[in-house]
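Data file: entry20.txt. Format and content: compact mmCIF, C-alpha atoms.
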```
# COMPACT_ATOMS: atom_id res chain seq x y z
CA MET Z 1 21.01 0.92 14.33
CA ALA Z 2 17.70 -0.80 13.55
CA VAL Z 3 16.01 0.76 10.54
CA ARG Z 4 12.29 0.48 9.88
CA ILE Z 5 10.31 1.39 6.78
CA ARG Z 6 7.12 2.96 8.08
CA PHE Z 7 4.47 5.65 7.68
CA ALA Z 8 4.94 9.23 8.84
CA LEU Z 9 1.63 11.05 9.24
CA HIS Z 10 1.16 14.35 7.39
CA GLY Z 11 -1.84 16.22 6.07
CA LEU Z 12 -4.83 17.79 7.77
CA ARG Z 13 -7.52 16.63 10.14
CA HIS Z 14 -9.85 14.20 8.33
CA ARG Z 15 -7.49 14.34 5.31
CA PRO Z 16 -4.50 12.18 6.27
CA MET Z 17 -1.55 11.67 3.99
CA PHE Z 18 1.36 9.42 4.82
CA HIS Z 19 4.98 9.57 3.78
CA ILE Z 20 6.67 6.19 3.45
CA VAL Z 21 10.04 6.69 5.13
CA ALA Z 22 13.11 4.80 6.28
CA MET Z 23 13.97 5.82 9.82
CA ASN Z 24 15.53 4.65 13.04
CA ALA Z 25 13.18 2.30 14.88
CA ARG Z 26 13.49 4.27 18.13
CA SER Z 27 12.63 7.68 16.67
CA LYS Z 28 9.20 9.35 16.86
CA ARG Z 29 6.53 8.61 14.29
CA ASP Z 30 6.84 12.03 12.66
CA GLY Z 31 10.54 12.51 13.46
CA LYS Z 32 13.26 13.25 10.95
CA PRO Z 33 13.61 10.30 8.55
CA LEU Z 34 16.80 8.91 7.08
CA GLU Z 35 15.15 8.98 3.66
CA MET Z 36 11.69 9.54 2.21
CA LEU Z 37 10.73 6.65 -0.09
CA GLY Z 38 7.26 7.64 -1.24
CA THR Z 39 3.77 8.81 -0.32
CA PHE Z 40 0.42 7.15 0.35
CA ASN Z 41 -2.95 8.90 0.27
CA PRO Z 42 -5.53 6.55 1.86
CA LYS Z 43 -8.53 8.69 0.90
CA PRO Z 44 -9.62 7.92 -2.67
CA ASP Z 45 -10.15 10.75 -5.13
CA LEU Z 46 -13.80 11.44 -5.82
CA ASN Z 47 -13.27 11.39 -9.59
CA GLU Z 48 -10.97 8.41 -9.97
CA LYS Z 49 -12.05 6.37 -6.90
CA THR Z 50 -8.46 5.14 -6.45
CA LYS Z 51 -5.94 5.58 -3.67
CA GLN Z 52 -2.69 7.24 -4.71
CA ILE Z 53 0.66 5.62 -3.95
CA THR Z 54 4.06 6.82 -5.13
CA LEU Z 55 7.13 4.76 -4.34
CA ASN Z 56 10.81 4.94 -5.27
CA PHE Z 57 11.46 1.28 -6.13
CA GLU Z 58 15.25 1.52 -6.31
CA ARG Z 59 15.70 3.11 -2.89
CA THR Z 60 13.11 0.83 -1.29
CA LYS Z 61 14.93 -2.24 -2.65
CA TYR Z 62 18.18 -0.81 -1.27
CA TRP Z 63 16.77 -0.36 2.24
CA LEU Z 64 15.21 -3.82 2.20
CA GLY Z 65 18.55 -5.20 1.02
CA VAL Z 66 20.49 -3.68 3.92
CA GLY Z 67 18.05 -5.12 6.46
CA ALA Z 68 15.34 -2.52 7.04
CA GLN Z 69 12.16 -4.10 8.41
CA PRO Z 70 8.81 -2.80 7.09
CA THR Z 71 5.87 -2.32 9.43
CA ASP Z 72 2.68 -4.28 8.78
CA GLY Z 73 0.93 -1.51 6.83
CA VAL Z 74 3.96 -0.79 4.67
CA ARG Z 75 4.56 -4.53 4.19
CA PHE Z 76 1.05 -4.84 2.74
CA LEU Z 77 1.74 -2.04 0.23
CA LEU Z 78 5.14 -3.50 -0.72
CA GLU Z 79 3.57 -6.91 -1.28
CA ARG Z 80 0.95 -5.35 -3.55
CA ALA Z 81 3.71 -3.48 -5.44
CA GLY Z 82 5.65 -6.72 -5.96
CA LEU Z 83 8.72 -5.77 -3.89
CA LEU Z 84 8.08 -8.44 -1.25
CA PRO Z 85 6.71 -11.96 -1.63
CA PRO Z 86 3.19 -12.34 -0.24
CA ARG Z 87 2.84 -13.81 3.21
CA PRO Z 88 1.15 -17.22 3.44
CA LEU Z 89 -2.51 -17.14 4.41
CA TYR Z 90 -2.02 -19.80 7.04
CA PRO Z 91 1.42 -19.83 8.64
CA LYS Z 92 2.88 -23.24 9.37
CA VAL Z 93 2.10 -24.34 12.89
CA LYS Z 94 4.49 -26.59 14.74
CA ARG Z 95 2.57 -29.47 16.14
CA SER Z 96 3.74 -31.89 18.73
CA PRO Z 97 4.40 -35.40 17.47
CA LEU Z 98 1.53 -37.80 17.92
CA ALA Z 99 1.78 -40.06 20.91
CA PRO Z 100 2.47 -43.66 19.90
CA GLU Z 101 -0.54 -45.89 20.27
CA GLN Z 102 -0.27 -48.17 23.23
CA SER Z 103 -1.17 -51.81 22.65
CA ALA Z 104 -3.62 -53.28 25.12
```
Once more with this new file: its structure as structure tokens, please.
Amino acid sequence: MAVRIRFALHGLRHRPMFHIVAMNARSKRDGKPLEMLGTFNPKPDLNEKTKQITLNFERTKYWLGVGAQPTDGVRFLLERAGLLPPRPLYPKVKRSPLAPEQSA
């Protein structure tokens, strides 16, 4: 069973709130998760001007350790939290070897 760490959408219209969950890769976006790992509120509070993120580090490390693959949005949050190493800005590109110069 392929497990993904991804967002599950909750909240109201124009006030989204996401649960960070570990769930089967083939299940629906808002289906029943295997485990809820945290929450993410993308709308900043008016007073604090910060986005709220809660995350259970121990359980997230466990799921990453057993092979769960995070989606791109969750990967970004996990990199910012220090659970994953940051991706390189420019991935290495395989280039074909240069053609040998022909002598004339």
(message) Could you tell me how far atom CA of Met23 of chain Z sits from atom CA of Glu35 of chain Z, in Å to one decimal place?
(response)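 Between atom CA of Glu35 of chain Z and atom CA of Met23 of chain Z the gap is 7.0 Å.
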(request) Identify which of the residues Z:Arg95, Z:Ala68, Z:Val74, Z:Pro44 lies closest to Pro16 of chain Z, counting only C-alpha atoms when measuring atom-to-atom distances. (result) Z:Pro44
(message) For a quick check of understanding, using all atoms listed in the file, which of Z:Arg13, Z:Arg26, Z:Lys92, Z:Arg6 has the smallest distance to Pro70 of chain Z?
(response)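 Closest to Pro70 of chain Z of all the choices is Z:Arg6.
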(message) Is it possible to get the residues within 7 Å of (4.4, 8.4, 11.4) (coordinates as in the file, counting only C-alpha atoms) written as a VMD selection string?
(response) chain Z and resid 6 to 9 29 to 30
(message) So that I can check the surroundings of Leu64 of chain Z, please list as a list in words every protein, DNA and RNA residue that reaches within 10 Å of it, counting all atoms listed in the file and ignoring chain neighbours fewer than 2 positions away.
(response)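 In the requested format, the answer is Val3, Arg4, Ile5, Ala22, Arg59, Thr60, Lys61, Tyr62, Val66, Gly67, Ala68, Gln69, Pro70, Leu83 and Leu84 of chain Z.
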(request) May I have the protein, DNA and RNA residues with any atom at most 8 Å from the point (10.5, 8.5, 0.1), counting all atoms listed in the file, written as a list of chain:residue names? (result)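 Residues close enough to count: Z:His19, Z:Ile20, Z:Val21, Z:Ala22, Z:Glu35, Z:Met36, Z:Leu37, Z:Gly38, Z:Thr39, Z:Leu55, Z:Asn56.
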Convert the current residue selection to file output with C-alpha atoms, as a PDB file, in the coordinates of the input.
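Once written, again27.pdb looks like this:
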```pdb
ATOM      1  CA  HIS Z  19       4.980   9.570   3.780  1.00  0.00           C
ATOM      2  CA  ILE Z  20       6.670   6.190   3.450  1.00  0.00           C
ATOM      3  CA  VAL Z  21      10.040   6.690   5.130  1.00  0.00           C
ATOM      4  CA  ALA Z  22      13.110   4.800   6.280  1.00  0.00           C
ATOM      5  CA  GLU Z  35      15.150   8.980   3.660  1.00  0.00           C
ATOM      6  CA  MET Z  36      11.690   9.540   2.210  1.00  0.00           C
ATOM      7  CA  LEU Z  37      10.730   6.650  -0.090  1.00  0.00           C
ATOM      8  CA  GLY Z  38       7.260   7.640  -1.240  1.00  0.00           C
ATOM      9  CA  THR Z  39       3.770   8.810  -0.320  1.00  0.00           C
ATOM     10  CA  LEU Z  55       7.130   4.760  -4.340  1.00  0.00           C
ATOM     11  CA  ASN Z  56      10.810   4.940  -5.270  1.00  0.00           C
TER      12      ASN Z  56
END
```
(request) Using atom CA of Ala81 of chain Z and atom CA of Ser27 of chain Z as the two end points, give the distance in Å to one decimal. (result) 26.3 Å
(request) Mind giving me the straight-line distance from atom CA of Arg87 of chain Z to atom CA of Asp72 of chain Z in Å, one decimal? (result)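 Separation between atom CA of Arg87 of chain Z and atom CA of Asp72 of chain Z: 11.0 Å.
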(request) Mind checking which residues fall within 12 Å of His14 of chain Z, counting all atoms listed in the file, ignoring those fewer than 6 positions away in the same chain, and posting them as a VMD selection string? (result) chain Z and resid 41 to 43
